[in-house]
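Structure file upload.pdb; described as PDB, C-alpha atoms.
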ATOM      1  CA  GLU A   1      16.387  10.628   6.071  1.00  0.00           C
ATOM      2  CA  GLN A   2      13.041  12.370   6.700  1.00  0.00           C
ATOM      3  CA  THR A   3      10.069  10.739   8.387  1.00  0.00           C
ATOM      4  CA  VAL A   4       6.742  10.615   6.548  1.00  0.00           C
ATOM      5  CA  GLU A   5       5.395  13.374   8.832  1.00  0.00           C
ATOM      6  CA  GLU A   6       8.342  15.624   7.987  1.00  0.00           C
ATOM      7  CA  VAL A   7       7.820  15.006   4.288  1.00  0.00           C
ATOM      8  CA  ILE A   8       4.119  15.891   4.528  1.00  0.00           C
ATOM      9  CA  ASN A   9       4.905  19.033   6.511  1.00  0.00           C
ATOM     10  CA  SER A  10       7.616  20.124   4.110  1.00  0.00           C
ATOM     11  CA  GLY A  11       5.228  19.931   1.157  1.00  0.00           C
ATOM     12  CA  VAL A  12       7.163  17.217  -0.707  1.00  0.00           C
ATOM     13  CA  THR A  13       4.894  14.912  -2.706  1.00  0.00           C
ATOM     14  CA  LEU A  14       3.981  11.989  -0.474  1.00  0.00           C
ATOM     15  CA  ARG A  15       3.579   9.553  -3.364  1.00  0.00           C
ATOM     16  CA  LYS A  16       7.151  10.173  -4.547  1.00  0.00           C
ATOM     17  CA  HIS A  17       8.482   9.623  -1.038  1.00  0.00           C
ATOM     18  CA  ILE A  18       6.418   6.453  -0.591  1.00  0.00           C
ATOM     19  CA  ASN A  19       7.731   5.029  -3.866  1.00  0.00           C
ATOM     20  CA  THR A  20      11.273   5.694  -2.654  1.00  0.00           C
ATOM     21  CA  LEU A  21      10.537   4.280   0.796  1.00  0.00           C
ATOM     22  CA  LEU A  22       8.826   1.106  -0.382  1.00  0.00           C
ATOM     23  CA  GLY A  23      10.481   0.732  -3.735  1.00  0.00           C
ATOM     24  CA  GLU A  24       8.878   1.337  -7.099  1.00  0.00           C
ATOM     25  CA  ASN A  25       8.817  -2.400  -7.891  1.00  0.00           C
ATOM     26  CA  LEU A  26       6.815  -3.213  -4.752  1.00  0.00           C
ATOM     27  CA  VAL A  27       4.307  -0.438  -5.438  1.00  0.00           C
ATOM     28  CA  LYS A  28       3.900  -1.582  -9.067  1.00  0.00           C
ATOM     29  CA  THR A  29       3.537  -5.243  -8.070  1.00  0.00           C
ATOM     30  CA  VAL A  30       0.865  -4.459  -5.470  1.00  0.00           C
ATOM     31  CA  SER A  31      -0.951  -2.152  -7.888  1.00  0.00           C
ATOM     32  CA  ASP A  32      -0.949  -4.841 -10.590  1.00  0.00           C
ATOM     33  CA  ALA A  33      -2.206  -7.461  -8.111  1.00  0.00           C
ATOM     34  CA  LEU A  34      -5.039  -5.153  -7.024  1.00  0.00           C
ATOM     35  CA  GLU A  35      -6.009  -4.520 -10.647  1.00  0.00           C
ATOM     36  CA  ALA A  36      -6.182  -8.270 -11.291  1.00  0.00           C
ATOM     37  CA  ARG A  37      -7.863  -9.351  -8.048  1.00  0.00           C
ATOM     38  CA  GLU A  38      -9.244  -6.222  -6.274  1.00  0.00           C
ATOM     39  CA  LEU A  39      -8.666  -7.740  -2.808  1.00  0.00           C
ATOM     40  CA  ILE A  40      -5.224  -8.897  -1.684  1.00  0.00           C
ATOM     41  CA  LYS A  41      -3.596 -10.096   1.526  1.00  0.00           C
ATOM     42  CA  LEU A  42       0.039  -9.314   2.300  1.00  0.00           C
ATOM     43  CA  SER A  43       2.352 -10.358   5.117  1.00  0.00           C
ATOM     44  CA  VAL A  44       4.683  -7.862   6.762  1.00  0.00           C
ATOM     45  CA  LEU A  45       8.007  -9.425   7.747  1.00  0.00           C
ATOM     46  CA  GLU A  46       8.841  -9.466  11.447  1.00  0.00           C
ATOM     47  CA  ASN A  47      12.145  -7.693  10.818  1.00  0.00           C
ATOM     48  CA  SER A  48      10.390  -4.786   9.045  1.00  0.00           C
ATOM     49  CA  GLU A  49      11.226  -1.385  10.486  1.00  0.00           C
ATOM     50  CA  TYR A  50       7.533  -0.407  10.107  1.00  0.00           C
ATOM     51  CA  THR A  51       4.508  -1.785  11.934  1.00  0.00           C
ATOM     52  CA  PRO A  52       1.895  -3.629   9.869  1.00  0.00           C
ATOM     53  CA  LYS A  53      -0.509  -0.678  10.331  1.00  0.00           C
ATOM     54  CA  GLU A  54       2.088   1.833   9.104  1.00  0.00           C
ATOM     55  CA  THR A  55       2.891  -0.421   6.157  1.00  0.00           C
ATOM     56  CA  ALA A  56      -0.800  -0.846   5.295  1.00  0.00           C
ATOM     57  CA  ASP A  57      -1.519   2.884   5.403  1.00  0.00           C
ATOM     58  CA  THR A  58       1.591   3.820   3.427  1.00  0.00           C
ATOM     59  CA  LEU A  59       1.074   1.148   0.784  1.00  0.00           C
ATOM     60  CA  ALA A  60      -2.637   1.938   0.457  1.00  0.00           C
ATOM     61  CA  GLU A  61      -1.804   5.603  -0.123  1.00  0.00           C
ATOM     62  CA  ALA A  62       0.808   4.677  -2.732  1.00  0.00           C
ATOM     63  CA  VAL A  63      -1.548   2.487  -4.795  1.00  0.00           C
ATOM     64  CA  GLY A  64      -4.845   4.303  -4.170  1.00  0.00           C
ATOM     65  CA  ALA A  65      -6.375   1.439  -2.200  1.00  0.00           C
ATOM     66  CA  ASP A  66      -8.381   1.089   1.000  1.00  0.00           C
ATOM     67  CA  VAL A  67      -7.100  -0.789   4.029  1.00  0.00           C
ATOM     68  CA  VAL A  68      -9.707  -3.464   4.764  1.00  0.00           C
ATOM     69  CA  GLY A  69      -7.909  -4.689   7.847  1.00  0.00           C
ATOM     70  CA  VAL A  70      -4.711  -5.430   9.678  1.00  0.00           C
ATOM     71  CA  ILE A  71      -4.628  -8.650  11.680  1.00  0.00           C
ATOM     72  CA  GLY A  72      -1.335  -9.476  13.321  1.00  0.00           C
ATOM     73  CA  ARG A  73       1.244  -9.126  10.551  1.00  0.00           C
ATOM     74  CA  LYS A  74      -1.317  -9.577   7.746  1.00  0.00           C
ATOM     75  CA  VAL A  75      -2.549  -6.597   5.712  1.00  0.00           C
ATOM     76  CA  ILE A  76      -5.675  -6.708   3.533  1.00  0.00           C
ATOM     77  CA  LEU A  77      -6.084  -4.088   0.795  1.00  0.00           C
ATOM     78  CA  TYR A  78      -8.959  -3.389  -1.615  1.00  0.00           C
ATOM     79  CA  ARG A  79      -9.108  -1.313  -4.781  1.00  0.00           C
ATOM     80  CA  GLU A  80     -11.818  -1.566  -7.413  1.00  0.00           C
ATOM     81  CA  SER A  81     -10.444  -2.864 -10.689  1.00  0.00           C
ATOM     82  CA  VAL A  82     -10.929  -0.834 -13.836  1.00  0.00           C
ATOM     83  CA  LYS A  83     -10.698  -3.774 -16.263  1.00  0.00           C
ATOM     84  CA  HIS A  84     -11.398  -6.874 -14.144  1.00  0.00           C
ATOM     85  CA  LYS A  85     -14.188  -5.925 -11.746  1.00  0.00           C
ATOM     86  CA  LYS A  86     -15.017  -8.975  -9.600  1.00  0.00           C
ATOM     87  CA  ILE A  87     -16.493  -7.649  -6.364  1.00  0.00           C
ATOM     88  CA  GLU A  88     -19.891  -5.952  -6.340  1.00  0.00           C
ATOM     89  CA  LEU A  89     -20.430  -3.584  -3.426  1.00  0.00           C
TER
END

Structure rendered as structure tokens:
Amino acid sequence: EQTVEEVINSGVTLRKHINTLLGENLVKTVSDALEARELIKLSVLENSEYTPKETADTLAEAVGADVVGVIGRKVILYRESVKHKKIEL
């Protein structure tokens, strides 16, 4: 299987690869949670093959969010909601 860097270099759509890598259900669930709440905190399992930073960056790219922070195994993502705006910046 290709690494993310190889996929980017080969011109394959990153979003399609991310959905395959993370699973479409996970991407949809995170996207729905961001739409409802705008700011979410996730935990990366210790047995994950990816570091929390890699997971945060990949997931943020997949759902169009910003990585607010990575602390230990916790990931915080933000994306402005279209229908349920709660946070004023």

Picked residues, the PyMOL selection byres ((chain A and resi 44-55) around 9), as an MDAnalysis selection string: chainID A and resid 22 42:43 56:60 69:75

Check what the PyMOL selection byres ((chain A and resi 32) around 12) selects in the file above and give those residues as a PDB file with C-alpha atoms, keeping the file's coordinate frame.
ATOM      1  CA  ASN A  25       8.817  -2.400  -7.891  1.00  0.00           C
ATOM      2  CA  LEU A  26       6.815  -3.213  -4.752  1.00  0.00           C
ATOM      3  CA  VAL A  27       4.307  -0.438  -5.438  1.00  0.00           C
ATOM      4  CA  LYS A  28       3.900  -1.582  -9.067  1.00  0.00           C
ATOM      5  CA  THR A  29       3.537  -5.243  -8.070  1.00  0.00           C
ATOM      6  CA  VAL A  30       0.865  -4.459  -5.470  1.00  0.00           C
ATOM      7  CA  SER A  31      -0.951  -2.152  -7.888  1.00  0.00           C
ATOM      8  CA  ALA A  33      -2.206  -7.461  -8.111  1.00  0.00           C
ATOM      9  CA  LEU A  34      -5.039  -5.153  -7.024  1.00  0.00           C
ATOM     10  CA  GLU A  35      -6.009  -4.520 -10.647  1.00  0.00           C
ATOM     11  CA  ALA A  36      -6.182  -8.270 -11.291  1.00  0.00           C
ATOM     12  CA  ARG A  37      -7.863  -9.351  -8.048  1.00  0.00           C
ATOM     13  CA  GLU A  38      -9.244  -6.222  -6.274  1.00  0.00           C
ATOM     14  CA  LEU A  39      -8.666  -7.740  -2.808  1.00  0.00           C
ATOM     15  CA  ILE A  40      -5.224  -8.897  -1.684  1.00  0.00           C
ATOM     16  CA  VAL A  63      -1.548   2.487  -4.795  1.00  0.00           C
ATOM     17  CA  GLY A  64      -4.845   4.303  -4.170  1.00  0.00           C
ATOM     18  CA  ALA A  65      -6.375   1.439  -2.200  1.00  0.00           C
ATOM     19  CA  ARG A  79      -9.108  -1.313  -4.781  1.00  0.00           C
ATOM     20  CA  GLU A  80     -11.818  -1.566  -7.413  1.00  0.00           C
ATOM     21  CA  SER A  81     -10.444  -2.864 -10.689  1.00  0.00           C
ATOM     22  CA  VAL A  82     -10.929  -0.834 -13.836  1.00  0.00           C
ATOM     23  CA  LYS A  83     -10.698  -3.774 -16.263  1.00  0.00           C
ATOM     24  CA  HIS A  84     -11.398  -6.874 -14.144  1.00  0.00           C
TER      25      HIS A  84
END

As lines of an AutoDock Vina configuration file: centre and edge lengths in Å, one decimal, of the axis-aligned box holding region 73-80 of chain A with 8 Å per side:
center_x = -5.3
center_y = -5.4
center_z = 1.6
size_x = 29.1
size_y = 24.3
size_z = 34.0
